[in-house]
Every structure is written in C-alpha cells, then in structure tokens.
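Below is run.txt, which holds compact mmCIF, N, CA and C atoms and all ligand atoms.
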```txt
# COMPACT_ATOMS: atom_id res chain seq x y z
N MET A 260 34.42 -22.91 -47.91
CA MET A 260 35.08 -23.70 -46.86
C MET A 260 35.56 -25.04 -47.43
N SER A 261 36.77 -25.40 -47.09
CA SER A 261 37.27 -26.68 -47.57
C SER A 261 36.80 -27.78 -46.63
N ARG A 262 36.96 -29.01 -47.11
CA ARG A 262 36.52 -30.15 -46.28
C ARG A 262 37.35 -30.29 -45.02
N GLY A 263 38.58 -29.79 -45.08
CA GLY A 263 39.45 -29.92 -43.92
C GLY A 263 39.24 -28.83 -42.89
N ASP A 264 38.34 -27.91 -43.17
CA ASP A 264 38.10 -26.80 -42.26
C ASP A 264 37.72 -27.33 -40.87
N PRO A 265 38.41 -26.87 -39.82
CA PRO A 265 38.14 -27.39 -38.48
C PRO A 265 36.69 -27.16 -38.04
N VAL A 266 36.09 -26.05 -38.48
CA VAL A 266 34.70 -25.78 -38.06
C VAL A 266 33.78 -26.82 -38.69
N VAL A 267 34.01 -27.09 -39.99
CA VAL A 267 33.18 -28.08 -40.68
C VAL A 267 33.36 -29.44 -40.02
N LEU A 268 34.61 -29.77 -39.73
CA LEU A 268 34.87 -31.06 -39.09
C LEU A 268 34.20 -31.13 -37.73
N ALA A 269 34.30 -30.04 -36.98
CA ALA A 269 33.71 -30.03 -35.64
C ALA A 269 32.20 -30.19 -35.73
N VAL A 270 31.60 -29.51 -36.69
CA VAL A 270 30.14 -29.59 -36.85
C VAL A 270 29.77 -31.01 -37.25
N ALA A 271 30.53 -31.56 -38.20
CA ALA A 271 30.23 -32.92 -38.66
C ALA A 271 30.35 -33.90 -37.51
N LEU A 272 31.40 -33.74 -36.71
CA LEU A 272 31.59 -34.62 -35.56
C LEU A 272 30.46 -34.47 -34.56
N ALA A 273 30.07 -33.23 -34.31
CA ALA A 273 29.04 -32.98 -33.32
C ALA A 273 27.72 -33.59 -33.77
N LEU A 274 27.46 -33.54 -35.08
CA LEU A 274 26.22 -34.10 -35.60
C LEU A 274 26.27 -35.62 -35.58
N ALA A 275 27.45 -36.17 -35.94
CA ALA A 275 27.56 -37.61 -36.09
C ALA A 275 27.72 -38.31 -34.74
N LEU A 276 28.37 -37.65 -33.82
CA LEU A 276 28.75 -38.33 -32.59
C LEU A 276 28.38 -37.54 -31.34
N PRO A 277 27.12 -37.20 -31.18
CA PRO A 277 26.77 -36.37 -30.02
C PRO A 277 27.13 -37.03 -28.70
N GLY A 278 26.97 -38.36 -28.63
CA GLY A 278 27.29 -39.07 -27.39
C GLY A 278 28.75 -38.94 -27.05
N ILE A 279 29.59 -39.13 -28.05
CA ILE A 279 31.03 -39.05 -27.83
C ILE A 279 31.43 -37.61 -27.50
N ALA A 280 30.84 -36.67 -28.22
CA ALA A 280 31.19 -35.27 -27.98
C ALA A 280 30.87 -34.90 -26.53
N ALA A 281 29.74 -35.40 -26.04
CA ALA A 281 29.35 -35.06 -24.67
C ALA A 281 30.25 -35.76 -23.66
N ALA A 282 30.73 -36.97 -24.05
CA ALA A 282 31.51 -37.76 -23.10
C ALA A 282 32.97 -37.33 -23.04
N VAL A 283 33.42 -36.60 -24.05
CA VAL A 283 34.83 -36.23 -24.11
C VAL A 283 34.96 -34.72 -23.95
N PRO A 284 35.23 -34.26 -22.75
CA PRO A 284 35.22 -32.82 -22.51
C PRO A 284 36.23 -32.08 -23.37
N VAL A 285 37.30 -32.74 -23.74
CA VAL A 285 38.35 -32.07 -24.50
C VAL A 285 37.82 -31.58 -25.85
N PHE A 286 36.71 -32.18 -26.28
CA PHE A 286 36.07 -31.75 -27.53
C PHE A 286 35.74 -30.28 -27.51
N ALA A 287 35.38 -29.79 -26.34
CA ALA A 287 35.00 -28.38 -26.20
C ALA A 287 36.15 -27.54 -25.67
N ALA A 288 37.38 -27.96 -26.00
CA ALA A 288 38.55 -27.22 -25.52
C ALA A 288 38.46 -25.76 -25.95
N PRO A 289 38.84 -24.85 -25.08
CA PRO A 289 38.69 -23.43 -25.37
C PRO A 289 39.30 -23.00 -26.70
N ALA A 290 40.45 -23.55 -27.07
CA ALA A 290 41.08 -23.12 -28.31
C ALA A 290 40.18 -23.41 -29.51
N GLY A 291 39.61 -24.62 -29.53
CA GLY A 291 38.72 -24.97 -30.63
C GLY A 291 37.48 -24.10 -30.62
N ASP A 292 36.93 -23.85 -29.44
CA ASP A 292 35.77 -23.00 -29.31
C ASP A 292 36.07 -21.61 -29.82
N ALA A 293 37.25 -21.11 -29.49
CA ALA A 293 37.59 -19.75 -29.89
C ALA A 293 37.72 -19.65 -31.41
N ARG A 294 38.25 -20.70 -32.02
CA ARG A 294 38.35 -20.68 -33.49
C ARG A 294 36.96 -20.64 -34.12
N ARG A 295 36.07 -21.46 -33.60
CA ARG A 295 34.70 -21.45 -34.08
C ARG A 295 34.08 -20.08 -33.80
N GLY A 296 34.40 -19.55 -32.62
CA GLY A 296 33.84 -18.26 -32.22
C GLY A 296 34.26 -17.13 -33.13
N GLU A 297 35.46 -17.23 -33.67
CA GLU A 297 35.91 -16.18 -34.59
C GLU A 297 35.01 -16.15 -35.83
N ALA A 298 34.66 -17.34 -36.31
CA ALA A 298 33.76 -17.42 -37.47
C ALA A 298 32.37 -16.90 -37.11
N VAL A 299 31.91 -17.22 -35.89
CA VAL A 299 30.61 -16.71 -35.43
C VAL A 299 30.67 -15.19 -35.37
N PHE A 300 31.75 -14.68 -34.81
CA PHE A 300 31.90 -13.22 -34.69
C PHE A 300 31.84 -12.57 -36.07
N ASP A 301 32.59 -13.14 -37.02
CA ASP A 301 32.62 -12.56 -38.37
C ASP A 301 31.23 -12.56 -39.00
N SER A 302 30.45 -13.62 -38.74
CA SER A 302 29.13 -13.72 -39.36
C SER A 302 28.07 -12.89 -38.64
N TYR A 303 28.14 -12.84 -37.32
CA TYR A 303 27.00 -12.30 -36.56
C TYR A 303 27.29 -10.99 -35.83
N CYS A 304 28.54 -10.64 -35.63
CA CYS A 304 28.83 -9.48 -34.78
C CYS A 304 29.55 -8.37 -35.52
N SER A 305 30.37 -8.73 -36.51
CA SER A 305 31.32 -7.76 -37.03
C SER A 305 30.65 -6.65 -37.85
N ASP A 306 29.39 -6.85 -38.28
CA ASP A 306 28.70 -5.74 -38.94
C ASP A 306 28.58 -4.54 -38.00
N CYS A 307 28.40 -4.83 -36.74
CA CYS A 307 28.16 -3.75 -35.77
C CYS A 307 29.33 -3.52 -34.83
N HIS A 308 30.09 -4.58 -34.53
CA HIS A 308 31.17 -4.46 -33.55
C HIS A 308 32.51 -4.64 -34.23
N GLY A 309 33.35 -3.61 -34.18
CA GLY A 309 34.71 -3.76 -34.66
C GLY A 309 35.59 -4.23 -33.52
N LEU A 310 36.80 -4.63 -33.87
CA LEU A 310 37.77 -4.97 -32.84
C LEU A 310 38.62 -3.75 -32.50
N ILE A 311 38.65 -2.81 -33.40
CA ILE A 311 39.40 -1.58 -33.16
C ILE A 311 38.42 -0.43 -33.33
N GLY A 312 38.25 0.35 -32.30
CA GLY A 312 37.39 1.52 -32.39
C GLY A 312 35.92 1.15 -32.38
N VAL A 313 35.11 2.17 -32.53
CA VAL A 313 33.66 2.03 -32.38
C VAL A 313 33.00 2.01 -33.75
N ARG A 314 32.12 1.05 -33.95
CA ARG A 314 31.28 1.08 -35.15
C ARG A 314 29.87 1.40 -34.66
N MET A 315 28.87 0.69 -35.17
CA MET A 315 27.52 0.93 -34.65
C MET A 315 27.45 0.49 -33.19
N GLY A 316 28.20 -0.55 -32.86
CA GLY A 316 28.29 -1.01 -31.47
C GLY A 316 29.70 -0.75 -30.94
N PRO A 317 29.88 -0.93 -29.64
CA PRO A 317 31.20 -0.71 -29.03
C PRO A 317 32.19 -1.80 -29.40
N SER A 318 33.49 -1.50 -29.28
CA SER A 318 34.50 -2.55 -29.45
C SER A 318 34.31 -3.61 -28.37
N LEU A 319 34.53 -4.86 -28.75
CA LEU A 319 34.33 -5.94 -27.77
C LEU A 319 35.67 -6.51 -27.27
N VAL A 320 36.78 -5.88 -27.65
CA VAL A 320 38.06 -6.35 -27.13
C VAL A 320 38.08 -6.08 -25.62
N GLY A 321 38.35 -7.12 -24.85
CA GLY A 321 38.44 -6.95 -23.40
C GLY A 321 37.08 -6.90 -22.71
N VAL A 322 36.02 -7.25 -23.45
CA VAL A 322 34.68 -7.12 -22.86
C VAL A 322 34.45 -8.14 -21.75
N VAL A 323 35.09 -9.32 -21.85
CA VAL A 323 34.89 -10.35 -20.82
C VAL A 323 35.53 -9.87 -19.51
N GLY A 324 34.70 -9.75 -18.49
CA GLY A 324 35.17 -9.26 -17.20
C GLY A 324 34.97 -7.76 -17.00
N ARG A 325 34.57 -7.08 -18.07
CA ARG A 325 34.40 -5.62 -17.98
C ARG A 325 32.99 -5.29 -17.48
N ARG A 326 32.85 -4.14 -16.84
CA ARG A 326 31.51 -3.68 -16.46
C ARG A 326 30.75 -3.27 -17.71
N ALA A 327 29.47 -3.60 -17.77
CA ALA A 327 28.66 -3.25 -18.93
C ALA A 327 28.67 -1.74 -19.14
N ALA A 328 28.71 -1.36 -20.40
CA ALA A 328 28.59 0.04 -20.78
C ALA A 328 29.66 0.94 -20.17
N SER A 329 30.84 0.38 -19.90
CA SER A 329 31.88 1.17 -19.24
C SER A 329 32.96 1.65 -20.21
N LEU A 330 32.86 1.24 -21.47
CA LEU A 330 33.90 1.63 -22.42
C LEU A 330 33.74 3.11 -22.78
N ALA A 331 34.82 3.87 -22.62
CA ALA A 331 34.76 5.30 -22.94
C ALA A 331 34.62 5.48 -24.45
N GLY A 332 33.92 6.49 -24.84
CA GLY A 332 33.85 6.83 -26.26
C GLY A 332 32.70 6.18 -26.99
N TYR A 333 31.83 5.47 -26.29
CA TYR A 333 30.65 4.90 -26.95
C TYR A 333 29.41 5.36 -26.19
N ASP A 334 28.39 5.76 -26.92
CA ASP A 334 27.17 6.30 -26.33
C ASP A 334 26.18 5.16 -26.07
N PHE A 335 26.35 4.51 -24.92
CA PHE A 335 25.50 3.36 -24.58
C PHE A 335 24.08 3.82 -24.27
N SER A 336 23.13 2.90 -24.40
CA SER A 336 21.76 3.19 -24.00
C SER A 336 21.73 3.38 -22.48
N ALA A 337 20.76 4.16 -22.03
CA ALA A 337 20.59 4.35 -20.58
C ALA A 337 20.31 3.00 -19.91
N ALA A 338 19.61 2.13 -20.65
CA ALA A 338 19.25 0.83 -20.08
C ALA A 338 20.50 0.02 -19.74
N LEU A 339 21.44 -0.05 -20.68
CA LEU A 339 22.64 -0.85 -20.42
C LEU A 339 23.52 -0.15 -19.39
N ALA A 340 23.61 1.17 -19.51
CA ALA A 340 24.44 1.93 -18.57
C ALA A 340 23.95 1.76 -17.14
N GLY A 341 22.64 1.61 -16.97
CA GLY A 341 22.09 1.48 -15.62
C GLY A 341 21.90 0.03 -15.19
N SER A 342 22.41 -0.91 -15.98
CA SER A 342 22.12 -2.33 -15.70
C SER A 342 22.92 -2.86 -14.50
N GLY A 343 24.05 -2.25 -14.22
CA GLY A 343 24.89 -2.74 -13.13
C GLY A 343 25.54 -4.08 -13.41
N LEU A 344 25.51 -4.54 -14.67
CA LEU A 344 26.05 -5.86 -15.00
C LEU A 344 27.55 -5.82 -15.19
N THR A 345 28.18 -6.96 -14.92
CA THR A 345 29.56 -7.20 -15.33
C THR A 345 29.52 -8.34 -16.32
N TRP A 346 30.31 -8.23 -17.37
CA TRP A 346 30.25 -9.24 -18.44
C TRP A 346 31.04 -10.50 -18.09
N THR A 347 30.52 -11.25 -17.15
CA THR A 347 31.03 -12.59 -16.92
C THR A 347 30.59 -13.45 -18.10
N PRO A 348 31.25 -14.59 -18.35
CA PRO A 348 30.78 -15.47 -19.43
C PRO A 348 29.29 -15.82 -19.28
N ALA A 349 28.82 -16.06 -18.06
CA ALA A 349 27.42 -16.43 -17.86
C ALA A 349 26.49 -15.27 -18.23
N ASN A 350 26.86 -14.06 -17.85
CA ASN A 350 26.03 -12.91 -18.21
C ASN A 350 26.05 -12.66 -19.72
N LEU A 351 27.22 -12.84 -20.32
CA LEU A 351 27.29 -12.68 -21.78
C LEU A 351 26.38 -13.69 -22.47
N ASP A 352 26.38 -14.91 -21.96
CA ASP A 352 25.55 -15.95 -22.56
C ASP A 352 24.07 -15.56 -22.47
N ARG A 353 23.66 -15.08 -21.34
CA ARG A 353 22.25 -14.66 -21.19
C ARG A 353 21.95 -13.48 -22.10
N PHE A 354 22.86 -12.54 -22.17
CA PHE A 354 22.64 -11.34 -22.99
C PHE A 354 22.53 -11.73 -24.46
N LEU A 355 23.44 -12.60 -24.91
CA LEU A 355 23.41 -12.98 -26.32
C LEU A 355 22.18 -13.83 -26.65
N ALA A 356 21.69 -14.56 -25.68
CA ALA A 356 20.49 -15.37 -25.92
C ALA A 356 19.25 -14.48 -26.05
N GLY A 357 19.23 -13.38 -25.32
CA GLY A 357 18.06 -12.51 -25.37
C GLY A 357 18.39 -11.15 -24.79
N PRO A 358 19.05 -10.30 -25.60
CA PRO A 358 19.51 -9.02 -25.05
C PRO A 358 18.39 -8.22 -24.39
N ARG A 359 17.25 -8.19 -25.06
CA ARG A 359 16.17 -7.32 -24.55
C ARG A 359 15.35 -7.97 -23.45
N GLU A 360 15.48 -9.28 -23.32
CA GLU A 360 14.86 -9.95 -22.17
C GLU A 360 15.72 -9.67 -20.92
N MET A 361 17.03 -9.60 -21.13
CA MET A 361 17.91 -9.39 -19.99
C MET A 361 18.00 -7.91 -19.61
N VAL A 362 18.13 -7.05 -20.62
CA VAL A 362 18.25 -5.61 -20.38
C VAL A 362 17.20 -4.91 -21.24
N ALA A 363 16.03 -4.73 -20.67
CA ALA A 363 14.95 -4.09 -21.43
C ALA A 363 15.40 -2.69 -21.83
N GLY A 364 15.28 -2.39 -23.13
CA GLY A 364 15.66 -1.06 -23.60
C GLY A 364 17.05 -0.99 -24.20
N THR A 365 17.80 -2.10 -24.19
CA THR A 365 19.12 -2.05 -24.84
C THR A 365 18.94 -1.94 -26.35
N SER A 366 19.91 -1.32 -27.01
CA SER A 366 19.83 -1.19 -28.46
C SER A 366 20.46 -2.38 -29.18
N MET A 367 20.96 -3.34 -28.43
CA MET A 367 21.49 -4.56 -29.06
C MET A 367 20.34 -5.49 -29.43
N GLU A 368 20.44 -6.02 -30.65
CA GLU A 368 19.34 -6.84 -31.16
C GLU A 368 19.49 -8.31 -30.81
N THR A 369 18.39 -9.04 -30.90
CA THR A 369 18.42 -10.49 -30.71
C THR A 369 19.01 -11.14 -31.96
N LEU A 370 19.90 -12.11 -31.74
CA LEU A 370 20.65 -12.66 -32.88
C LEU A 370 20.32 -14.11 -33.20
N HIS A 371 19.62 -14.80 -32.33
CA HIS A 371 19.24 -16.20 -32.58
C HIS A 371 20.45 -17.11 -32.79
N LEU A 372 21.41 -17.03 -31.90
CA LEU A 372 22.57 -17.93 -31.95
C LEU A 372 22.25 -19.20 -31.18
N SER A 373 22.83 -20.31 -31.64
CA SER A 373 22.71 -21.55 -30.87
C SER A 373 23.54 -21.41 -29.59
N ARG A 374 23.25 -22.28 -28.63
CA ARG A 374 23.99 -22.25 -27.38
C ARG A 374 25.49 -22.46 -27.66
N ARG A 375 25.75 -23.37 -28.56
CA ARG A 375 27.15 -23.68 -28.89
C ARG A 375 27.84 -22.47 -29.50
N ASP A 376 27.14 -21.77 -30.38
CA ASP A 376 27.74 -20.59 -31.00
C ASP A 376 27.93 -19.46 -29.98
N ARG A 377 27.01 -19.37 -29.04
CA ARG A 377 27.19 -18.34 -28.00
C ARG A 377 28.45 -18.66 -27.18
N ARG A 378 28.58 -19.92 -26.78
CA ARG A 378 29.76 -20.32 -26.00
C ARG A 378 31.03 -20.06 -26.79
N ALA A 379 30.99 -20.39 -28.08
CA ALA A 379 32.19 -20.24 -28.92
C ALA A 379 32.56 -18.77 -29.05
N VAL A 380 31.59 -17.92 -29.27
CA VAL A 380 31.92 -16.51 -29.49
C VAL A 380 32.40 -15.89 -28.18
N ILE A 381 31.90 -16.37 -27.06
CA ILE A 381 32.38 -15.87 -25.76
C ILE A 381 33.83 -16.31 -25.55
N ALA A 382 34.14 -17.55 -25.91
CA ALA A 382 35.53 -18.02 -25.82
C ALA A 382 36.44 -17.18 -26.71
N TYR A 383 35.94 -16.84 -27.89
CA TYR A 383 36.73 -16.00 -28.80
C TYR A 383 36.95 -14.61 -28.18
N LEU A 384 35.90 -14.03 -27.65
CA LEU A 384 36.04 -12.69 -27.04
C LEU A 384 37.02 -12.75 -25.87
N ALA A 385 36.97 -13.82 -25.09
CA ALA A 385 37.90 -13.96 -23.96
C ALA A 385 39.33 -14.07 -24.46
N SER A 386 39.51 -14.70 -25.61
CA SER A 386 40.87 -14.88 -26.14
C SER A 386 41.44 -13.55 -26.64
N LEU A 387 40.59 -12.61 -26.98
CA LEU A 387 41.08 -11.33 -27.52
C LEU A 387 41.78 -10.50 -26.46
N LYS A 388 41.36 -10.71 -25.21
CA LYS A 388 41.90 -9.93 -24.12
C LYS A 388 43.43 -10.01 -24.07
N ALA A 389 43.91 -11.24 -24.28
CA ALA A 389 45.34 -11.47 -24.11
C ALA A 389 46.12 -11.19 -25.39
N GLY A 390 45.40 -10.96 -26.49
CA GLY A 390 46.07 -10.83 -27.78
C GLY A 390 47.03 -9.65 -27.83
N PRO A 391 48.21 -9.87 -28.39
CA PRO A 391 49.18 -8.78 -28.48
C PRO A 391 48.74 -7.75 -29.53
N GLY A 392 49.04 -6.52 -29.29
CA GLY A 392 48.78 -5.48 -30.28
C GLY A 392 47.34 -5.04 -30.36
N ARG A 393 46.51 -5.54 -29.43
CA ARG A 393 45.11 -5.09 -29.46
C ARG A 393 44.97 -3.82 -28.62
N PRO A 394 44.06 -2.95 -29.00
CA PRO A 394 43.86 -1.75 -28.22
C PRO A 394 43.18 -2.07 -26.88
C1 LIG B 1 22.79 -4.91 -35.39
C2 LIG B 1 23.96 -4.49 -34.67
C3 LIG B 1 24.58 -5.45 -33.67
C4 LIG B 1 24.94 -6.75 -33.86
C5 LIG B 1 24.79 -7.60 -35.11
C6 LIG B 1 25.57 -7.17 -32.62
N1 LIG B 1 25.55 -6.16 -31.72
FE1 LIG B 1 26.25 -6.21 -29.81
N2 LIG B 1 25.66 -4.30 -29.53
C7 LIG B 1 25.06 -3.50 -30.46
C8 LIG B 1 24.76 -2.21 -29.88
C9 LIG B 1 24.10 -1.04 -30.60
C10 LIG B 1 25.20 -2.27 -28.54
C11 LIG B 1 25.07 -1.20 -27.47
C12 LIG B 1 23.84 -1.58 -26.65
C13 LIG B 1 23.36 -0.51 -25.69
O1 LIG B 1 24.00 0.53 -25.53
O2 LIG B 1 22.29 -0.78 -25.10
C14 LIG B 1 25.77 -3.59 -28.35
C15 LIG B 1 26.32 -4.04 -27.15
C16 LIG B 1 26.92 -5.25 -26.97
C17 LIG B 1 27.55 -5.69 -25.76
C18 LIG B 1 27.73 -4.88 -24.49
C19 LIG B 1 29.07 -4.16 -24.55
C20 LIG B 1 29.45 -3.37 -23.34
O3 LIG B 1 30.57 -2.82 -23.35
O4 LIG B 1 28.68 -3.27 -22.38
C21 LIG B 1 28.03 -6.95 -25.98
C22 LIG B 1 28.78 -7.81 -25.00
C23 LIG B 1 27.69 -7.30 -27.34
N3 LIG B 1 27.01 -6.25 -27.92
C24 LIG B 1 28.03 -8.49 -27.94
C25 LIG B 1 27.70 -8.83 -29.25
C26 LIG B 1 28.09 -10.06 -29.87
C27 LIG B 1 28.99 -11.11 -29.23
C28 LIG B 1 27.54 -10.07 -31.11
C29 LIG B 1 27.58 -11.18 -32.15
C30 LIG B 1 27.25 -12.51 -31.66
C31 LIG B 1 26.81 -8.82 -31.28
N4 LIG B 1 26.94 -8.09 -30.12
C32 LIG B 1 26.11 -8.42 -32.41
C33 LIG B 1 24.78 -3.83 -31.75
C34 LIG B 1 24.97 -5.07 -32.31
```

When written as structure tokens, how does the structure in this file appear?
Amino acid sequence: MSRGDPVVLAVALALALPGIAAAVPVFAAPAGDARRGEAVFDSYCSDCHGLIGVRMGPSLVGVVGRRAASLAGYDFSAALAGSGLTWTPANLDRFLAGPREMVAGTSMETLHLSRRDRRAVIAYLASLKAGPGRP
C-alpha cells in the first residue's frame, strides 16, 4: 500500500483525530466506506464468497435487501433457510458480528471484524447492487 492510499489515510485520520471524525459525519460518507469495504471484502470474504457464481459460500451481489438463504443454486444450511431474516444493513451487521449467535447452526464462520469494517463491507455490498454488468 502506498502512503497515498485512501484506506491508509482514513485509518491514520481515524486514529489521529477520533473527535473530529465523530464530529464530521461526511467522514463516513458511503463512497469512502464502500472503498474501504472492498478491501475488507477482499481480505475477509472473497475466499468463500465470489461476486460471480457460487464458491464455498453464496454470491453476495444484491444481498442487501434480499431474504436470507433465498439465492437459487446454493445449498444453504437449514438454520439459515429457516431463519426468516431479510438482509437489512442492521441484520447484516449483527450476522457479521456473530453469525452463530444470530443464527445457531449456520455454516458461516465468525470473522472478528471491527464495527467499522462491518459497516464498510456492508456499504460495499450495497454498492454492488447497482453495479453495471453484475449478475
Ligand atoms: C470460511 C468461509 C466464509 C467466509 C470467510 C465468509 N463467509 Fe459468509 N458464508 C459462508 C457460508 C458457508 C455461508 C452459508 C451459510 C449457511 O447456509 O448457513 C455464508 C453466508 C453468508 C451470508 C448469507 C447469504 C444469504 O444469501 O443468505 C452473508 C450475508 C455472508 N455470508 C456475508 C459474508 C461477508 C460479508 C463476509 C466477509 C466479511 C463473509 N461472509 C465471509 C462462508 C463464509
């Protein structure tokens, strides 16, 4: 990563200026969050979740707003299939914080993401919905 990398800068700013970061809502603008979220996705999700087709986990394109375990072509656990959840940002945040606390019996593992990284990756997933050329 270069010094000019926006993620590095954002992290440095957040560490150096927590008061300012909290006081200036624009700091958490969705676009910036989504950029950070893409890096989070690459590090923490992409081993199991592809953006095209099914890997060990289901594709997450369009997951924000979708009913849990509703994607055709993936063999979800009975636990998730019977959860009755819809993936609102709040539900995604809870699931990512503790998948098995929220849905006992899910095959998704706990990832130990910070709150900020969870928010960022959710913003990234939300941004994929509108992306052109995505399945
Ligand atoms: C070790 C593999 C693995 C990793 C890493 C992983 N997941 Fe998963 N994920 C799964 C599996 C397997 C399922 C299916 C769970 C089930 O059927 O109970 C799943 C399911 C999900 C679902 C529910 C999808 C749906 O259509 O209902 C979401 C949302 C999700 N993962 C998000 C993420 C995000 C975001 C990350 C990275 C921060 C991540 N996962 C990292 C394996 C993984």

Shell of 6.5 Å around ligand LIG 1 (chain B) (only N, CA and C atoms and all ligand atoms), written as a PyMOL selection string: chain A and resi 299-300+303-308+315-319+322+326-330+334-340+351+364-368+380-381

Minimum-distance residue to Leu370 (chain A), chosen among A:Leu344, A:Phe354, A:Asp301, A:Tyr383 (using all atoms listed in the file):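 Smallest separation from Leu370 (chain A) among the options: A:Phe354.
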
Computed interatomic separation between atom N of His371 (chain A) and atom C of Gly332 (chain A) (Å): 25.3 Å

Interatomic distance, CA of Arg359 (chain A) to CA of Asp292 (chain A) (Å, one decimal):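 Those two atoms sit 25.5 Å apart.
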
Separation of CA of Val323 (chain A) from CA of Ala349 (chain A), in Å and rounded to one decimal: 10.1 Å

Just need region 359-386 of chain A in a file, please: C-alpha atoms, as a PDB file, in the first residue's frame.
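So the final result, stored in out_7.pdb, reads:
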```pdb
ATOM      1  CA  ARG A 359     -23.691 -18.310  15.065  1.00  0.00           C
ATOM      2  CA  GLU A 360     -25.030 -16.172  17.879  1.00  0.00           C
ATOM      3  CA  MET A 361     -27.628 -14.776  15.495  1.00  0.00           C
ATOM      4  CA  VAL A 362     -28.398 -17.950  13.521  1.00  0.00           C
ATOM      5  CA  ALA A 363     -27.457 -21.020  15.533  1.00  0.00           C
ATOM      6  CA  GLY A 364     -26.366 -23.741  13.122  1.00  0.00           C
ATOM      7  CA  THR A 365     -25.313 -21.528  10.209  1.00  0.00           C
ATOM      8  CA  SER A 366     -22.216 -22.682   8.360  1.00  0.00           C
ATOM      9  CA  MET A 367     -20.865 -19.133   8.163  1.00  0.00           C
ATOM     10  CA  GLU A 368     -17.945 -18.610  10.499  1.00  0.00           C
ATOM     11  CA  THR A 369     -17.193 -15.807  12.942  1.00  0.00           C
ATOM     12  CA  LEU A 370     -14.766 -13.346  11.379  1.00  0.00           C
ATOM     13  CA  HIS A 371     -13.843 -10.899  14.166  1.00  0.00           C
ATOM     14  CA  LEU A 372     -14.339  -7.732  12.126  1.00  0.00           C
ATOM     15  CA  SER A 373     -14.314  -4.334  13.772  1.00  0.00           C
ATOM     16  CA  ARG A 374     -17.574  -2.405  13.780  1.00  0.00           C
ATOM     17  CA  ARG A 375     -16.105  -0.012  11.252  1.00  0.00           C
ATOM     18  CA  ASP A 376     -15.074  -2.830   8.929  1.00  0.00           C
ATOM     19  CA  ARG A 377     -18.518  -4.397   9.191  1.00  0.00           C
ATOM     20  CA  ARG A 378     -20.139  -1.090   8.245  1.00  0.00           C
ATOM     21  CA  ALA A 379     -17.687  -0.623   5.391  1.00  0.00           C
ATOM     22  CA  VAL A 380     -18.204  -4.075   3.922  1.00  0.00           C
ATOM     23  CA  ILE A 381     -21.985  -3.648   4.150  1.00  0.00           C
ATOM     24  CA  ALA A 382     -21.681  -0.333   2.273  1.00  0.00           C
ATOM     25  CA  TYR A 383     -19.588  -2.131  -0.335  1.00  0.00           C
ATOM     26  CA  LEU A 384     -22.141  -4.930  -0.690  1.00  0.00           C
ATOM     27  CA  ALA A 385     -24.914  -2.337  -1.054  1.00  0.00           C
ATOM     28  CA  SER A 386     -22.935  -0.612  -3.793  1.00  0.00           C
TER      29      SER A 386
END
```
